>>> print(open('query_15.txt').read())   # compact mmCIF, C-alpha atoms
# COMPACT_ATOMS: atom_id res chain seq x y z
CA MET A 15 -19.98 -42.93 -35.97
CA ASN A 16 -16.28 -42.36 -35.49
CA PHE A 17 -14.59 -39.74 -33.31
CA ARG A 18 -14.01 -37.28 -36.19
CA SER A 19 -17.68 -37.36 -37.24
CA ALA A 20 -18.85 -36.84 -33.64
CA LEU A 21 -16.42 -33.95 -33.32
CA ALA A 22 -17.71 -32.36 -36.54
CA ILE A 23 -21.34 -32.68 -35.38
CA ALA A 24 -20.45 -31.13 -32.01
CA TRP A 25 -18.67 -28.22 -33.70
CA ARG A 26 -21.58 -27.58 -36.12
CA GLY A 27 -23.99 -27.56 -33.18
CA LEU A 28 -21.80 -25.08 -31.32
CA VAL A 29 -21.54 -22.74 -34.32
CA ALA A 30 -25.24 -23.02 -35.22
CA ASN A 31 -26.26 -21.70 -31.77
CA LYS A 32 -23.52 -19.16 -31.14
CA MET A 33 -25.26 -17.09 -28.46
CA ARG A 34 -26.52 -20.11 -26.54
CA SER A 35 -23.08 -21.72 -26.74
CA LEU A 36 -21.37 -18.53 -25.57
CA LEU A 37 -23.70 -18.17 -22.59
CA THR A 38 -23.20 -21.84 -21.73
CA MET A 39 -19.43 -21.44 -21.84
CA LEU A 40 -19.44 -18.19 -19.85
CA GLY A 41 -18.91 -19.89 -16.50
CA ILE A 42 -15.98 -21.90 -17.87
CA ILE A 43 -14.46 -18.78 -19.49
CA ILE A 44 -14.71 -16.76 -16.25
CA GLY A 45 -13.44 -19.66 -14.14
CA VAL A 46 -10.39 -20.41 -16.32
CA ALA A 47 -9.53 -16.72 -16.68
CA ALA A 48 -9.86 -16.17 -12.92
CA VAL A 49 -7.65 -19.17 -12.13
CA ILE A 50 -4.90 -17.90 -14.47
CA ILE A 51 -5.09 -14.31 -13.16
CA MET A 52 -5.14 -15.34 -9.50
CA ILE A 53 -2.22 -17.73 -9.86
CA GLY A 54 -0.37 -15.13 -11.97
CA VAL A 55 -0.81 -12.45 -9.33
CA GLY A 56 0.25 -14.84 -6.57
CA GLU A 57 3.33 -16.04 -8.45
CA GLY A 58 4.26 -12.46 -9.30
CA ALA A 59 3.94 -11.37 -5.68
CA THR A 60 6.04 -14.29 -4.47
CA LYS A 61 8.73 -13.59 -7.06
CA GLN A 62 8.86 -9.88 -6.27
CA VAL A 63 9.00 -10.34 -2.50
CA THR A 64 11.69 -13.02 -2.62
CA GLU A 65 13.77 -11.01 -5.10
CA ARG A 66 13.52 -7.86 -2.97
CA ILE A 67 14.50 -9.64 0.22
CA ALA A 68 17.24 -11.57 -1.57
CA SER A 69 18.61 -8.30 -3.00
CA MET A 70 19.00 -7.07 0.58
CA GLY A 71 21.18 -10.07 1.27
CA SER A 72 20.35 -13.50 2.65
CA ASN A 73 22.84 -12.95 5.50
CA LEU A 74 20.99 -9.97 6.95
CA LEU A 75 19.56 -9.44 10.43
CA VAL A 76 17.20 -6.57 11.22
CA VAL A 77 16.68 -5.34 14.79
CA ARG A 78 13.57 -3.30 15.57
CA PRO A 79 12.39 -1.73 18.83
CA GLY A 80 9.54 -3.49 20.62
CA ALA A 81 8.44 -7.12 20.78
CA GLY A 82 7.09 -8.52 17.51
CA PHE A 83 5.09 -6.54 14.99
CA GLY A 84 2.52 -5.27 17.46
CA PRO A 85 2.55 -2.06 19.48
CA VAL A 86 6.05 -1.10 20.60
CA ARG A 87 6.67 -2.28 24.13
CA GLY A 88 9.93 -1.26 25.62
CA ALA A 89 11.38 -1.72 29.09
CA GLY A 90 9.60 0.50 31.54
CA GLY A 91 7.16 1.49 28.82
CA ALA A 92 9.83 3.21 26.70
CA VAL A 93 8.72 3.51 23.08
CA ASN A 94 12.16 3.71 21.44
CA SER A 95 14.37 1.02 22.89
CA LEU A 96 17.23 1.09 20.36
CA THR A 97 19.93 3.73 20.09
CA SER A 98 23.02 4.44 18.01
CA ASP A 99 25.09 3.21 20.98
CA ASP A 100 23.43 -0.21 20.60
CA ALA A 101 24.48 -0.25 16.94
CA GLU A 102 28.08 0.62 17.85
CA ALA A 103 28.14 -2.18 20.44
CA ILE A 104 26.77 -4.71 17.92
CA ALA A 105 29.47 -3.71 15.43
CA GLY A 106 32.05 -5.07 17.88
CA LEU A 107 30.59 -8.61 17.89
CA PRO A 108 32.46 -11.41 16.07
CA LEU A 109 31.21 -12.46 12.60
CA VAL A 110 29.46 -9.10 12.07
CA GLN A 111 30.51 -7.50 8.76
CA TYR A 112 28.47 -4.27 8.60
CA VAL A 113 26.09 -2.48 10.96
CA ALA A 114 23.90 0.42 9.83
CA PRO A 115 21.43 2.08 12.22
CA GLU A 116 18.56 3.81 10.48
CA THR A 117 16.06 6.49 11.36
CA SER A 118 13.52 8.11 9.09
CA GLN A 119 11.15 11.04 8.91
CA SER A 120 8.75 12.51 6.39
CA VAL A 121 10.09 15.84 5.12
CA THR A 122 9.20 18.48 2.59
CA ALA A 123 12.02 18.81 0.08
CA ALA A 124 12.38 21.94 -2.01
CA ALA A 125 14.72 23.08 -4.77
CA GLY A 126 13.95 26.47 -6.23
CA SER A 127 10.20 26.60 -6.79
CA ASN A 128 9.83 22.81 -6.87
CA THR A 129 8.69 20.97 -3.75
CA TRP A 130 8.21 17.28 -3.01
CA THR A 131 7.15 15.39 0.12
CA THR A 132 9.45 12.44 0.67
CA ASN A 133 11.11 10.25 3.29
CA ALA A 134 14.47 11.30 4.77
CA VAL A 135 16.52 8.32 5.97
CA GLY A 136 19.35 9.01 8.36
CA THR A 137 21.97 6.28 8.39
CA THR A 138 25.69 5.53 8.17
CA THR A 139 28.02 4.71 5.29
CA SER A 140 27.57 0.96 5.87
CA PHE A 141 23.97 1.25 4.70
CA GLN A 142 25.19 1.59 1.12
CA ALA A 143 27.03 -1.75 1.31
CA ILE A 144 24.21 -3.58 3.11
CA ARG A 145 21.52 -2.45 0.65
CA SER A 146 23.83 -2.58 -2.39
CA LEU A 147 22.95 1.02 -3.32
CA ARG A 148 24.54 2.14 -6.58
CA VAL A 149 25.43 5.80 -7.03
CA GLU A 150 24.57 7.13 -10.51
CA SER A 151 26.32 10.48 -10.12
CA GLY A 152 28.35 12.09 -7.35
CA ALA A 153 29.06 9.99 -4.24
CA PHE A 154 27.45 8.59 -1.09
CA PHE A 155 28.28 10.49 2.10
CA SER A 156 31.46 9.52 4.01
CA ASN A 157 32.31 8.62 7.62
CA GLU A 158 33.64 12.16 7.99
CA ASP A 159 30.23 13.55 6.95
CA VAL A 160 28.61 11.36 9.61
CA ALA A 161 31.15 12.38 12.26
CA ARG A 162 30.63 16.12 11.73
CA ALA A 163 26.85 15.85 11.07
CA ALA A 164 27.30 17.46 7.67
CA LEU A 165 24.33 18.97 5.85
CA VAL A 166 24.71 16.74 2.79
CA ALA A 167 22.09 14.65 1.00
CA VAL A 168 21.97 11.79 -1.49
CA LEU A 169 18.79 11.77 -3.59
CA GLY A 170 16.78 8.85 -4.88
CA GLN A 171 15.71 8.99 -8.53
CA THR A 172 12.09 9.95 -7.82
CA VAL A 173 13.14 12.85 -5.60
CA ALA A 174 15.75 14.05 -8.09
CA THR A 175 13.25 13.91 -10.96
CA ASN A 176 10.61 15.90 -9.09
CA LEU A 177 12.96 18.53 -7.65
CA PHE A 178 14.95 18.95 -10.87
CA PRO A 179 12.42 18.27 -13.66
CA SER A 180 14.62 19.99 -16.26
CA GLY A 181 17.01 17.03 -16.14
CA ALA A 182 19.93 19.08 -14.77
CA ASN A 183 22.44 17.15 -12.64
CA PRO A 184 21.48 17.90 -8.99
CA VAL A 185 24.99 17.17 -7.64
CA GLY A 186 26.31 20.36 -6.04
CA ALA A 187 22.89 22.00 -5.93
CA ALA A 188 21.15 23.07 -2.74
CA VAL A 189 17.93 21.46 -1.51
CA ARG A 190 15.90 22.39 1.55
CA LEU A 191 14.59 19.64 3.81
CA ASN A 192 11.99 21.12 6.15
CA ASN A 193 13.53 24.53 5.37
CA LEU A 194 17.03 23.36 6.33
CA GLU A 195 19.52 23.71 3.49
CA PHE A 196 21.51 20.65 2.38
CA THR A 197 24.01 20.19 -0.44
CA VAL A 198 23.30 17.35 -2.86
CA ILE A 199 26.44 15.21 -3.12
CA GLY A 200 25.01 12.23 -5.01
CA VAL A 201 22.07 10.70 -6.88
CA LEU A 202 21.34 6.98 -6.63
CA ALA A 203 20.66 4.66 -9.56
CA PRO A 204 17.01 3.51 -9.86
CA GLN A 205 16.04 0.78 -7.41
CA GLY A 206 12.42 0.19 -8.40
CA SER A 207 9.53 -0.83 -6.18
CA GLY A 208 10.03 -2.52 -2.85
CA MET A 209 7.78 -4.82 -0.84
CA GLY A 210 4.15 -3.74 -1.06
CA GLY A 211 4.86 -1.67 -4.15
CA MET A 212 6.71 1.02 -2.15
CA ASP A 213 8.83 3.31 -4.33
CA GLN A 214 12.38 2.84 -3.05
CA ASP A 215 13.57 5.79 -5.14
CA ASP A 216 11.35 8.22 -3.23
CA THR A 217 13.96 8.70 -0.49
CA VAL A 218 16.64 11.17 0.58
CA TYR A 219 19.63 9.74 2.48
CA ILE A 220 21.43 11.93 5.02
CA PRO A 221 23.99 11.18 7.79
CA ILE A 222 22.28 9.71 10.86
CA THR A 223 23.95 12.26 13.13
CA THR A 224 22.45 15.06 11.04
CA ALA A 225 18.99 13.47 11.21
CA GLN A 226 19.23 13.04 14.99
CA MET A 227 20.52 16.56 15.65
CA ARG A 228 18.36 18.45 13.16
CA PHE A 229 15.12 16.43 13.02
CA THR A 230 14.51 13.91 15.80
CA GLY A 231 16.61 15.46 18.59
CA GLU A 232 17.44 12.07 20.12
CA ARG A 233 19.82 9.14 19.58
CA SER A 234 17.09 6.51 19.23
CA VAL A 235 16.93 4.64 15.93
CA ARG A 236 14.08 2.92 14.08
CA VAL A 237 16.06 -0.04 12.75
CA ILE A 238 19.52 -1.54 13.09
CA ASN A 239 20.60 -3.43 9.95
CA ILE A 240 23.27 -6.09 10.48
CA GLN A 241 25.10 -7.92 7.72
CA VAL A 242 26.72 -11.14 8.91
CA GLN A 243 29.93 -12.47 7.32
CA ASP A 244 28.18 -15.57 5.94
CA GLU A 245 24.73 -17.16 5.99
CA MET A 246 25.91 -20.06 8.19
CA SER A 247 26.66 -17.61 11.02
CA LEU A 248 23.19 -16.04 11.11
CA ALA A 249 21.88 -18.04 14.07
CA THR A 250 25.08 -17.51 16.09
CA VAL A 251 25.09 -13.76 15.52
CA GLN A 252 21.33 -13.55 16.17
CA ASP A 253 21.83 -15.14 19.62
CA ALA A 254 24.84 -12.90 20.32
CA VAL A 255 22.90 -9.74 19.38
CA THR A 256 19.97 -10.81 21.60
CA ASN A 257 22.22 -11.46 24.60
CA LEU A 258 24.14 -8.21 24.07
CA LEU A 259 21.01 -6.05 23.84
CA ARG A 260 19.41 -7.73 26.87
CA GLN A 261 22.57 -6.92 28.86
CA ARG A 262 22.69 -3.34 27.61
CA HIS A 263 19.00 -2.79 28.35
CA ARG A 264 19.39 -4.41 31.79
CA LEU A 265 16.58 -6.87 31.27
CA SER A 266 16.11 -9.55 33.92
CA SER A 267 15.44 -13.18 33.03
CA LEU A 268 11.74 -12.60 33.75
CA GLN A 269 11.42 -9.67 31.36
CA GLU A 270 10.73 -10.14 27.68
CA ASP A 271 12.91 -8.56 25.01
CA ASP A 272 12.17 -4.90 24.27
CA PHE A 273 13.43 -5.45 20.73
CA THR A 274 12.94 -7.95 17.89
CA VAL A 275 15.73 -9.55 15.88
CA GLN A 276 14.51 -10.69 12.46
CA ASN A 277 16.38 -13.17 10.32
CA MET A 278 15.62 -12.05 6.75
CA THR A 279 16.10 -15.58 5.35
CA ALA A 280 13.39 -16.84 7.70
CA VAL A 281 11.21 -13.83 6.80
CA MET A 282 11.64 -14.60 3.10
CA GLU A 283 10.56 -18.24 3.61
CA THR A 284 7.56 -17.18 5.70
CA VAL A 285 6.44 -14.57 3.16
CA ALA A 286 6.80 -17.04 0.29
CA ASP A 287 4.79 -19.71 2.15
CA THR A 288 2.08 -17.19 3.08
CA THR A 289 1.78 -15.96 -0.50
CA LYS A 290 1.46 -19.52 -1.80
CA ILE A 291 -1.35 -20.23 0.66
CA MET A 292 -3.16 -17.07 -0.43
CA THR A 293 -2.71 -18.10 -4.08
CA ILE A 294 -4.24 -21.52 -3.43
CA MET A 295 -7.17 -19.93 -1.58
CA LEU A 296 -7.84 -17.44 -4.40
CA ALA A 297 -7.54 -20.15 -7.04
CA SER A 298 -9.99 -22.28 -5.06
CA VAL A 299 -12.51 -19.45 -5.11
CA ALA A 300 -12.00 -19.11 -8.87
CA ALA A 301 -12.56 -22.85 -9.26
CA VAL A 302 -16.12 -22.33 -8.02
CA SER A 303 -16.81 -20.50 -11.29
CA LEU A 304 -15.69 -23.61 -13.16
CA LEU A 305 -18.18 -25.70 -11.21
CA VAL A 306 -20.94 -23.20 -11.99
CA GLY A 307 -19.91 -23.37 -15.64
CA GLY A 308 -20.13 -27.17 -15.46
CA ILE A 309 -23.69 -26.96 -14.16
CA GLY A 310 -24.50 -24.71 -17.13
CA ILE A 311 -23.09 -27.30 -19.52
CA MET A 312 -25.14 -30.05 -17.88
CA ASN A 313 -28.28 -27.93 -18.18
CA ILE A 314 -27.80 -27.12 -21.87
CA MET A 315 -26.90 -30.74 -22.69
CA LEU A 316 -30.11 -31.97 -21.03
CA VAL A 317 -32.02 -29.47 -23.17
CA SER A 318 -30.14 -30.69 -26.25
CA VAL A 319 -30.97 -34.34 -25.49
CA THR A 320 -34.65 -33.44 -25.18
CA GLU A 321 -34.65 -31.42 -28.41
CA ARG A 322 -32.96 -34.26 -30.31
CA THR A 323 -34.98 -37.14 -28.91
CA LYS A 324 -36.38 -38.11 -32.33
CA GLU A 325 -32.86 -37.96 -33.85
CA ILE A 326 -31.63 -40.31 -31.12
CA GLY A 327 -34.49 -42.72 -31.88
CA ILE A 328 -33.75 -42.73 -35.63
CA ARG A 329 -30.03 -43.35 -35.06
CA MET A 330 -30.78 -46.25 -32.74
CA ALA A 331 -33.30 -47.64 -35.24
CA VAL A 332 -30.62 -47.79 -37.94
CA GLY A 333 -28.13 -49.54 -35.71
CA ALA A 334 -26.39 -46.98 -33.51
CA THR A 335 -25.38 -48.47 -30.15
CA GLY A 336 -25.93 -46.85 -26.79
CA ARG A 337 -22.16 -46.46 -26.49
CA ALA A 338 -22.04 -44.45 -29.74
CA ILE A 339 -24.85 -42.17 -28.53
CA LEU A 340 -23.04 -41.75 -25.17
CA GLY A 341 -19.79 -40.88 -26.94
CA GLN A 342 -21.44 -38.34 -29.24
CA PHE A 343 -23.07 -36.32 -26.45
CA LEU A 344 -19.99 -36.63 -24.24
CA ILE A 345 -17.84 -35.21 -27.05
CA GLU A 346 -20.29 -32.35 -27.51
CA ALA A 347 -20.06 -31.48 -23.80
CA LEU A 348 -16.28 -31.75 -23.96
CA VAL A 349 -16.08 -29.44 -26.99
CA LEU A 350 -18.18 -26.84 -25.19
CA SER A 351 -15.92 -27.03 -22.14
CA LEU A 352 -12.62 -26.98 -24.05
CA VAL A 353 -13.59 -24.10 -26.35
CA GLY A 354 -14.69 -22.18 -23.25
CA GLY A 355 -11.36 -23.11 -21.63
CA LEU A 356 -9.34 -21.82 -24.61
CA ILE A 357 -11.24 -18.52 -24.62
CA GLY A 358 -10.71 -18.36 -20.85
CA ILE A 359 -6.94 -18.84 -21.27
CA ILE A 360 -6.74 -15.96 -23.75
CA THR A 361 -8.88 -13.81 -21.44
CA GLY A 362 -6.74 -14.79 -18.44
CA VAL A 363 -3.43 -13.95 -20.15
CA VAL A 364 -4.76 -10.59 -21.35
CA GLY A 365 -6.33 -9.94 -17.93
CA SER A 366 -2.99 -10.65 -16.21
CA LYS A 367 -1.28 -8.04 -18.38
CA VAL A 368 -4.03 -5.51 -17.63
CA VAL A 369 -3.79 -6.15 -13.86
CA SER A 370 -0.02 -5.75 -14.05
CA GLN A 371 -0.32 -2.44 -15.92
CA VAL A 372 -3.19 -0.96 -13.87
CA ALA A 373 -2.15 -2.09 -10.39
CA GLY A 374 1.61 -1.87 -10.99
CA TRP A 375 1.88 -5.39 -9.58
CA PRO A 376 3.94 -7.97 -11.51
CA THR A 377 2.13 -11.09 -12.68
CA VAL A 378 3.64 -14.35 -13.85
CA VAL A 379 1.58 -16.55 -16.20
CA ALA A 380 3.17 -19.91 -15.60
CA PRO A 381 2.59 -22.81 -18.07
CA GLY A 382 1.54 -24.87 -15.06
CA SER A 383 -1.43 -22.57 -14.36
CA ILE A 384 -2.60 -22.89 -18.00
CA LEU A 385 -2.34 -26.70 -17.87
CA LEU A 386 -4.15 -26.71 -14.52
CA ALA A 387 -6.97 -24.55 -15.87
CA ILE A 388 -7.44 -26.53 -19.10
CA GLY A 389 -7.23 -29.82 -17.17
CA PHE A 390 -9.89 -28.63 -14.76
CA ALA A 391 -12.09 -27.50 -17.67
CA THR A 392 -11.73 -30.95 -19.30
CA LEU A 393 -12.75 -32.71 -16.09
CA VAL A 394 -15.72 -30.37 -15.72
CA GLY A 395 -16.86 -31.15 -19.29
CA ILE A 396 -16.61 -34.91 -18.78
CA PHE A 397 -18.16 -34.90 -15.30
CA PHE A 398 -21.13 -32.66 -16.06
CA GLY A 399 -21.66 -33.99 -19.59
CA TYR A 400 -21.77 -37.65 -18.56
CA TYR A 401 -25.28 -37.64 -17.05
CA PRO A 402 -27.06 -36.09 -20.11
CA ALA A 403 -25.04 -38.38 -22.42
CA GLN A 404 -25.97 -41.43 -20.39
CA LYS A 405 -29.62 -40.37 -20.39
CA ALA A 406 -29.52 -40.20 -24.20
CA ALA A 407 -27.73 -43.57 -24.47
CA ASN A 408 -30.26 -45.32 -22.24
CA ALA A 409 -33.32 -43.90 -24.07
CA ASP A 410 -35.90 -46.33 -25.49
CA PRO A 411 -35.80 -46.13 -29.33
CA ILE A 412 -39.57 -46.71 -29.64
CA GLU A 413 -40.36 -43.94 -27.15
CA CYS A 414 -37.90 -41.65 -28.89
CA LEU A 415 -39.57 -42.19 -32.27
CA ARG A 416 -42.99 -41.42 -30.71
CA PHE A 417 -41.66 -38.22 -29.15
CA GLU A 418 -43.26 -35.02 -30.53
>>> encode(input="query_15.txt", output="structure tokens")
Amino acid sequence: MNFRSALAIAWRGLVANKMRSLLTMLGIIIGVAAVIIMIGVGEGATKQVTERIASMGSNLLVVRPGAGFGPVRGAGGAVNSLTSDDAEAIAGLPLVQYVAPETSQSVTAAAGSNTWTTNAVGTTTSFQAIRSLRVESGAFFSNEDVARAALVAVLGQTVATNLFPSGANPVGAAVRLNNLEFTVIGVLAPQGSGMGGMDQDDTVYIPITTAQMRFTGERSVRVINIQVQDEMSLATVQDAVTNLLRQRHRLSSLQEDDFTVQNMTAVMETVADTTKIMTIMLASVAAVSLLVGGIGIMNIMLVSVTERTKEIGIRMAVGATGRAILGQFLIEALVLSLVGGLIGIITGVVGSKVVSQVAGWPTVVAPGSILLAIGFATLVGIFFGYYPAQKAANADPIECLRFE
């Protein structure tokens, strides 16, 4: 029996027992689909995070109050260890291009009868350059607005849409932030989702002096963004910022920093590595389904060998070799596995699109993940189909012919 004939027999057997074949392939289908979806979600997350951080600039340093990501620990127990004065001092360091302190607060925005709860970010004009914010209409606030703590606001797209649902241009209109009236001087172009799916357009930007005087009542800041002249100078400026802040905060050599300087390039590499590890872990869990599917194939092939014992005996009696019998049953196991793999690929691609639409999380179906899944399915078919095929090949023809 040649390969084509064995393939035709395997296909007829698969079609003749559709339900049994489908149930046998179910583990393979679920496993392949899960591998493609998990890798797609992981690749999509990695791509989104790296693109977002890269869009902020690879030559960016971010200074936050407190040590690390844990509870804020400032000198003498102070919670807010960074101030606008620190930002002004950092701006005087060599190789520093832009410095933008940032503070934020949740506010209730209102325009006419429309209200919207959003985030008000107080910052300086340099923030626009550091974050590459594009103004769709009107203008970003100026240094003069910051100096005189003007009551002006620049709206993100989400805020503008919800406060002015009629589509009217908000520039020149009045909005109330926590019942304090501001004049809209600009609307930003859409920025999309940020890290963690956060809507970057759901923000109102106001001068930092206005935010400190009207909302927080203090000169402390939540973040200081620093753009360095070039990526090669990041480490030098990072050390200079650390030394400067330690001097300004009068920290002794025995005291730890009451601030954290983050290099966004290093953060991007760490996030990408972490996401890849999570992807591998999730794909490994999905691979368990493939193994379960393989066990199902082995089980059904053992049943098939038993059911066709007399057929095996007749074929051997007319001259079929053990190798031919082995090949036939191995091909049947492989067909089951590959057909299940193909259905799993289709399910995985469709599932990735559904996850992307429902969760709002981008997924990337890479050709590599499809090849990996189909390769794994092939190995599963060969591995778990070999034992039943070998059992059939080693059967005694006389005993097979006596089998009832």
>>> residues_around(input="query_15.txt", residues="Ile23 of chain A", least_positions_apart="6", cutoff="12 Å", atoms="all atoms listed in the file", output="ChimeraX atom specification")
/A:15-17,29-30,341-347,349
>>> residues_around(input="query_15.txt", residues="segment 104-108 of chain A", least_positions_apart="3", cutoff="8 Å", atoms="all atoms listed in the file", output="ChimeraX atom specification")
/A:100-101,111-113,251,254-255,258
>>> write_last_selection(input="query_15.txt", atoms="C-alpha atoms", output="mmCIF file, in the frame of the given file")
data_model
loop_
_atom_site.group_PDB
_atom_site.id
_atom_site.type_symbol
_atom_site.label_atom_id
_atom_site.label_comp_id
_atom_site.auth_asym_id
_atom_site.auth_seq_id
_atom_site.Cartn_x
_atom_site.Cartn_y
_atom_site.Cartn_z
ATOM 1 C CA ASP A 100 23.430 -0.210 20.600
ATOM 2 C CA ALA A 101 24.480 -0.250 16.940
ATOM 3 C CA GLN A 111 30.510 -7.500 8.760
ATOM 4 C CA TYR A 112 28.470 -4.270 8.600
ATOM 5 C CA VAL A 113 26.090 -2.480 10.960
ATOM 6 C CA VAL A 251 25.090 -13.760 15.520
ATOM 7 C CA ALA A 254 24.840 -12.900 20.320
ATOM 8 C CA VAL A 255 22.900 -9.740 19.380
ATOM 9 C CA LEU A 258 24.140 -8.210 24.070
#
>>> residues_around(input="query_15.txt", residues="Ile396 of chain A", least_positions_apart="2", cutoff="8 Å", atoms="all atoms listed in the file", output="ChimeraX atom specification")
/A:344,347-348,392-394,398-400
>>> closest_residue(input="query_15.txt", among="A:Ala22, A:Leu109, A:Ile357, A:Met39", to="Val242 of chain A", atoms="only C-alpha atoms")
A:Leu109
>>> closest_residue(input="query_15.txt", among="A:Met52, A:Ile42, A:Leu21, A:Ala103", to="Val299 of chain A", atoms="all atoms listed in the file")
A:Met52
>>> atom_distance(input="query_15.txt", atom1="atom CA of Ala167 of chain A", atom2="atom CA of Trp130 of chain A")
14.7 Å
>>> closest_residue(input="query_15.txt", among="A:Thr137, A:Gln261, A:Ser267, A:Thr132", to="Gln226 of chain A", atoms="all atoms listed in the file")
A:Thr137
>>> residues_around(input="query_15.txt", residues="segment 334-337 of chain A", least_positions_apart="3", cutoff="10 Å", atoms="only C-alpha atoms", output="list in words")
Met15, Ile326, Gly327, Ile328, Arg329, Met330, Ala331, Leu340, Gly341, Gln342, Ala403, Gln404, Lys405, Ala406, Ala407, Asn408 and Ala409 of chain A
>>> closest_residue(input="query_15.txt", among="A:Val281, A:Leu352, A:Val166, A:Val364", to="Ile311 of chain A", atoms="all atoms listed in the file")
A:Leu352
>>> decode(input="query_15.txt", residues="segment 255-290 of chain A", atoms="C-alpha atoms", output="PDB file, in the first residue's frame")
ATOM      1  CA  VAL A 255      19.956  64.095  38.703  1.00  0.00           C
ATOM      2  CA  THR A 256      20.457  61.611  41.565  1.00  0.00           C
ATOM      3  CA  ASN A 257      23.372  63.588  43.025  1.00  0.00           C
ATOM      4  CA  LEU A 258      21.523  66.900  42.643  1.00  0.00           C
ATOM      5  CA  LEU A 259      18.355  65.681  44.363  1.00  0.00           C
ATOM      6  CA  ARG A 260      20.308  64.039  47.197  1.00  0.00           C
ATOM      7  CA  GLN A 261      22.050  67.378  47.802  1.00  0.00           C
ATOM      8  CA  ARG A 262      18.810  69.339  47.641  1.00  0.00           C
ATOM      9  CA  HIS A 263      17.050  66.920  49.992  1.00  0.00           C
ATOM     10  CA  ARG A 264      20.055  66.953  52.359  1.00  0.00           C
ATOM     11  CA  LEU A 265      20.404  63.191  52.430  1.00  0.00           C
ATOM     12  CA  SER A 266      23.458  61.767  54.189  1.00  0.00           C
ATOM     13  CA  SER A 267      25.497  58.930  52.709  1.00  0.00           C
ATOM     14  CA  LEU A 268      23.702  56.513  55.057  1.00  0.00           C
ATOM     15  CA  GLN A 269      20.226  57.525  53.931  1.00  0.00           C
ATOM     16  CA  GLU A 270      18.559  55.977  50.916  1.00  0.00           C
ATOM     17  CA  ASP A 271      17.111  58.086  48.114  1.00  0.00           C
ATOM     18  CA  ASP A 272      13.655  59.521  48.792  1.00  0.00           C
ATOM     19  CA  PHE A 273      13.002  59.482  45.047  1.00  0.00           C
ATOM     20  CA  THR A 274      13.362  57.063  42.120  1.00  0.00           C
ATOM     21  CA  VAL A 275      14.922  57.908  38.764  1.00  0.00           C
ATOM     22  CA  GLN A 276      13.644  55.599  36.016  1.00  0.00           C
ATOM     23  CA  ASN A 277      15.389  55.178  32.697  1.00  0.00           C
ATOM     24  CA  MET A 278      12.542  54.539  30.240  1.00  0.00           C
ATOM     25  CA  THR A 279      14.793  52.556  27.873  1.00  0.00           C
ATOM     26  CA  ALA A 280      15.605  50.152  30.699  1.00  0.00           C
ATOM     27  CA  VAL A 281      11.913  50.046  31.672  1.00  0.00           C
ATOM     28  CA  MET A 282      10.976  49.194  28.078  1.00  0.00           C
ATOM     29  CA  GLU A 283      13.483  46.305  27.984  1.00  0.00           C
ATOM     30  CA  THR A 284      12.279  44.997  31.351  1.00  0.00           C
ATOM     31  CA  VAL A 285       8.613  45.157  30.347  1.00  0.00           C
ATOM     32  CA  ALA A 286       9.327  43.413  27.035  1.00  0.00           C
ATOM     33  CA  ASP A 287      11.296  40.632  28.773  1.00  0.00           C
ATOM     34  CA  THR A 288       8.580  40.174  31.406  1.00  0.00           C
ATOM     35  CA  THR A 289       5.849  39.958  28.779  1.00  0.00           C
ATOM     36  CA  LYS A 290       7.807  37.352  26.816  1.00  0.00           C
TER      37      LYS A 290
END
